[in-house]
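Trainee: The following file, target11.csv, comprises CSV, C-alpha atoms:
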chain,number,residue,atom,x,y,z
A,1,MET,CA,101.2,102.8,111.6
A,2,SER,CA,102.2,105.3,114.2
A,3,LYS,CA,99.9,106.5,117.0
A,4,PRO,CA,98.6,110.1,116.5
A,5,VAL,CA,100.2,112.7,118.7
A,6,SER,CA,97.7,114.7,120.9
A,7,ILE,CA,98.0,118.5,120.7
A,8,ASN,CA,96.7,120.2,123.9
A,9,ARG,CA,94.7,123.2,122.7
A,10,SER,CA,93.5,124.1,126.2
A,11,GLN,CA,96.5,126.4,126.5
A,12,PRO,CA,97.3,128.2,123.3
A,13,PHE,CA,100.9,128.9,122.3
A,14,ASP,CA,102.1,132.0,124.2
A,15,PRO,CA,104.9,133.8,122.2
A,16,GLU,CA,105.9,136.0,125.1
A,17,LYS,CA,106.3,133.1,127.5
A,18,PHE,CA,108.2,131.1,124.9
A,19,LEU,CA,110.3,133.8,123.2
A,20,GLY,CA,110.2,136.9,125.5
A,21,GLU,CA,108.5,140.2,126.0
A,22,GLY,CA,107.2,142.0,122.9
A,23,TRP,CA,106.5,138.9,120.8
A,24,LYS,CA,103.0,138.3,119.5
A,25,ILE,CA,101.1,136.3,116.9
A,26,ALA,CA,100.7,138.1,113.6
A,27,GLU,CA,98.7,135.4,111.8
A,28,GLN,CA,97.8,131.7,112.0
A,29,ASP,CA,96.5,128.9,109.8
A,30,GLU,CA,93.1,128.3,111.3
A,31,ARG,CA,92.9,124.8,109.8
A,32,SER,CA,96.1,123.8,111.8
A,33,LEU,CA,94.6,125.4,115.0
A,34,ALA,CA,91.6,123.0,114.6
A,35,LEU,CA,93.9,119.9,114.9
A,36,ASP,CA,93.9,118.3,118.3
A,37,GLU,CA,95.9,115.4,117.1
A,38,ILE,CA,98.3,114.8,114.3
A,39,ASP,CA,99.7,111.7,112.5
A,40,LEU,CA,103.4,112.5,112.1
A,41,THR,CA,103.7,110.1,109.2
A,42,LYS,CA,101.3,112.3,107.2
A,43,ILE,CA,103.5,115.4,107.5
A,44,GLN,CA,105.1,116.5,104.3
A,45,PHE,CA,108.1,118.8,103.8
A,46,GLU,CA,107.5,121.5,101.2
A,47,THR,CA,110.0,124.1,100.0
A,48,CYS,CA,107.8,125.7,97.3
A,49,LEU,CA,110.9,126.1,95.1
A,50,LYS,CA,110.2,126.0,91.4
A,51,PRO,CA,112.6,123.9,89.2
A,52,ASN,CA,114.7,127.0,88.2
A,53,GLU,CA,114.9,128.5,91.7
A,54,SER,CA,117.6,127.9,94.3
A,55,ARG,CA,116.0,130.2,96.9
A,56,ILE,CA,113.0,132.4,97.6
A,57,THR,CA,112.1,134.7,100.5
A,58,GLY,CA,110.1,133.3,103.4
A,59,GLU,CA,107.3,135.7,102.6
A,60,GLU,CA,107.1,134.3,99.0
A,61,LYS,CA,107.2,130.8,100.4
A,62,LEU,CA,104.4,131.6,102.8
A,63,LYS,CA,102.3,133.0,99.9
A,64,ARG,CA,102.9,129.9,97.8
A,65,LEU,CA,102.0,127.6,100.7
A,66,LYS,CA,98.7,129.5,101.1
A,67,LYS,CA,98.0,129.4,97.4
A,68,ASP,CA,98.7,125.6,97.2
A,69,GLY,CA,96.2,125.0,100.0
A,70,HIS,CA,98.7,123.3,102.4
A,71,ILE,CA,97.8,123.1,106.1
A,72,ARG,CA,100.7,124.9,107.6
A,73,LEU,CA,101.5,123.4,111.0
A,74,ASP,CA,101.3,126.0,113.8
A,75,ALA,CA,103.5,126.9,116.8
A,76,LYS,CA,101.5,124.7,119.3
A,77,ILE,CA,102.4,121.7,117.2
A,78,PHE,CA,106.0,122.9,117.1
A,79,GLN,CA,105.9,123.3,120.9
A,80,THR,CA,104.4,119.9,121.5
A,81,LEU,CA,107.2,118.3,119.5
A,82,TRP,CA,109.9,120.4,121.2
A,83,GLU,CA,108.6,119.4,124.6
A,84,ASN,CA,108.3,115.7,123.6
A,85,GLN,CA,111.3,115.3,121.4
A,86,HIS,CA,111.1,111.5,121.6
A,87,LEU,CA,108.1,111.8,119.3
A,88,ILE,CA,110.0,113.5,116.4
A,89,PRO,CA,110.5,111.0,113.6
A,90,GLU,CA,114.1,109.7,113.0
A,91,LYS,CA,113.7,110.7,109.4
A,92,TRP,CA,113.6,114.4,110.4
A,93,LYS,CA,117.3,114.1,111.4
A,94,GLU,CA,118.4,113.5,107.8
A,95,LYS,CA,120.4,116.1,106.0
A,96,ILE,CA,119.5,117.6,102.7
A,97,ASN,CA,122.4,117.9,100.2
A,98,ASN,CA,124.7,117.4,103.2
A,99,ASN,CA,123.2,120.4,105.0
A,100,ILE,CA,121.2,120.5,108.2
A,101,CYS,CA,117.5,120.3,107.5
A,102,PHE,CA,115.6,123.2,109.2
A,103,ILE,CA,111.9,122.3,109.6
A,104,PHE,CA,109.6,125.3,109.7
A,105,PHE,CA,106.2,125.7,111.3
A,106,ASP,CA,104.7,128.4,109.1
A,107,GLY,CA,101.2,128.0,110.5
A,108,THR,CA,102.0,130.6,113.1
A,109,VAL,CA,103.7,133.8,111.9
A,110,LEU,CA,105.2,135.7,114.8
A,111,GLN,CA,105.9,139.4,115.1
A,112,GLY,CA,109.0,140.3,117.0
A,113,PRO,CA,109.4,143.3,119.3
A,114,GLY,CA,110.9,145.3,116.3
A,115,GLY,CA,107.9,144.4,114.1
A,116,ASP,CA,109.7,141.8,111.9
A,117,ARG,CA,107.8,138.7,110.9
A,118,ASN,CA,109.3,135.3,111.9
A,119,VAL,CA,108.4,131.6,112.0
A,120,LEU,CA,109.7,128.9,114.4
A,121,PHE,CA,111.8,125.9,113.3
A,122,LEU,CA,113.4,122.7,114.6
A,123,TYR,CA,116.6,121.1,113.5
A,124,TRP,CA,118.9,118.2,114.5
A,125,HIS,CA,122.5,119.1,115.2
A,126,ASP,CA,125.4,117.7,117.2
A,127,GLY,CA,123.2,114.8,118.5
A,128,GLY,CA,120.3,116.9,119.7
A,129,TRP,CA,117.2,118.8,118.7
A,130,HIS,CA,117.4,122.6,118.7
A,131,TRP,CA,114.9,125.3,117.9
A,132,ASP,CA,115.1,128.9,116.7
A,133,TYR,CA,113.1,131.4,114.6
A,134,SER,CA,113.8,132.9,111.3
A,135,TRP,CA,112.9,136.2,109.6
A,136,LEU,CA,110.6,135.8,106.7
A,137,GLU,CA,112.5,138.3,104.6
A,138,ARG,CA,115.7,136.2,104.4
A,139,ALA,CA,116.5,133.8,101.6
A,140,TRP,CA,115.2,130.2,102.0
A,141,HIS,CA,116.7,127.2,100.3
A,142,ILE,CA,116.0,123.5,99.7
A,143,ASP,CA,117.1,122.7,103.2
A,144,ASP,CA,114.5,125.0,104.7
A,145,PRO,CA,111.2,123.0,104.2
A,146,SER,CA,107.9,123.7,105.9
A,147,ALA,CA,106.0,121.0,107.8
A,148,VAL,CA,102.6,120.8,106.2
A,149,LEU,CA,99.7,118.5,105.7
A,150,ALA,CA,97.8,118.1,102.4
A,151,SER,CA,94.6,120.1,102.5
A,152,ILE,CA,91.7,118.2,103.9
Rewrite the structure of this file - the entire thing - as structure tokens.

Mentor:
Amino acid sequence: MSKPVSINRSQPFDPEKFLGEGWKIAEQDERSLALDEIDLTKIQFETCLKPNESRITGEEKLKRLKKDGHIRLDAKIFQTLWENQHLIPEKWKEKINNNICFIFFDGTVLQGPGGDRNVLFLYWHDGGWHWDYSWLERAWHIDDPSAVLASI
């Protein structure tokens, strides 16, 4: 059994400091914000794809995650893992259908300077961890899972 990872909530995630001027938080999963530690072995990857679907928009995926009651992990959990990459489970490096797995943290929806809605993600590529953000209006596939916990 792995040791839970502490999430320092004394300093909230600051989108302008992390991404740049004009970024702000549009919405957050309050249940995720209440977590001050997390057991990484309990994190599930959820695509929300139905059997006949190969892709959906990020907004549709977000809607389905909310409807299913998943606790969507937030940007502070993302930041904690980014700043402590040694904590990220080896399993997260695995490819899906020979494609890089992009792990999304939909518990914080960010609004970019132009008004578009985005979420942060981590991915393993060329021997290292990387991060980026993605527009919720684009198409999301099986290799774009969200990091979630089952509802408590």

Trainee: Which value, in Å to one decimal, gives the distance between CA of Ser10 in chain A and CA of Gly58 in chain A?

Mentor: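 Those two atoms sit 29.7 Å apart.
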
Trainee: A:Leu62, A:Leu33, A:Leu122, A:Leu19: which is nearest Glu46 in chain A, counting all atoms listed in the file?

Mentor: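 Closest candidate: A:Leu62.
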
Trainee: Need to verify the contact set: range 36-38 of chain A, 9 Å, all atoms listed in the file, exclusion of same-chain residues closer than 6 positions in sequence. Can you return it as a short mmCIF file (atom, residue, chain, number, x, y, z; two decimals) with C-alpha atoms, in the coordinates of the input?

Mentor:
data_model
loop_
_atom_site.label_atom_id
_atom_site.label_comp_id
_atom_site.auth_asym_id
_atom_site.auth_seq_id
_atom_site.Cartn_x
_atom_site.Cartn_y
_atom_site.Cartn_z
CA LYS A 3 99.90 106.50 117.00
CA PRO A 4 98.60 110.10 116.50
CA VAL A 5 100.20 112.70 118.70
CA SER A 6 97.70 114.70 120.90
CA ILE A 7 98.00 118.50 120.70
CA ASN A 8 96.70 120.20 123.90
CA ARG A 9 94.70 123.20 122.70
CA ILE A 77 102.40 121.70 117.20
#

Trainee: Could you tell me which of A:Asn84, A:Ser146, A:Thr108, A:Asn97 comes closest to Trp129 in chain A if we count all atoms listed in the file?

Mentor: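 Of A:Asn84, A:Ser146, A:Thr108, A:Asn97, the one nearest Trp129 in chain A is A:Asn84, counting all atoms listed in the file.
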
Trainee: Please tell me which residues are no farther than 8 Å from (106.1, 124.2, 98.2) in the file, counting all atoms listed in the file, and write them as an MDAnalysis selection string.

Mentor: chainID A and resid 46:49 61 64:65 68 145:146

Trainee: Would you please work out which residue, of A:Ala75, A:Ile56, A:Leu35, A:Ile103, is nearest to Glu137 in chain A when using all atoms listed in the file?

Mentor: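 Under the stated criterion, the closest residue is A:Ile56.
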
Trainee: What does the distance from CA of Phe45 in chain A to CA of Trp135 in chain A come to in Å, to one decimal?

Mentor: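 Spanning CA of Phe45 in chain A to CA of Trp135 in chain A is a straight-line distance of 19.0 Å.
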
Trainee: Given the choices A:Ala139, A:Leu81, A:Val119, A:Leu73, which gets closest to Gly107 in chain A if the distance is worked out from all atoms listed in the file?

Mentor: A:Leu73

Trainee: Which distance in Å separates CA of Glu59 in chain A and CA of Leu40 in chain A, to one decimal?

Mentor: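 Interatomic distance here is 25.4 Å.
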
Trainee: Could you check which of A:Arg55, A:Arg72, A:Lys93, A:His125 is closest to Glu27 in chain A, using only C-alpha atoms?

Mentor: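 Closest to Glu27 in chain A of all the choices is A:Arg72.
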
Trainee: Using only C-alpha atoms, which residue out of A:Ala150, A:Asp144, A:Trp82, A:Val109 lies closest to Thr57 in chain A?

Mentor: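 Using only C-alpha atoms, Thr57 in chain A sits closest to A:Asp144.
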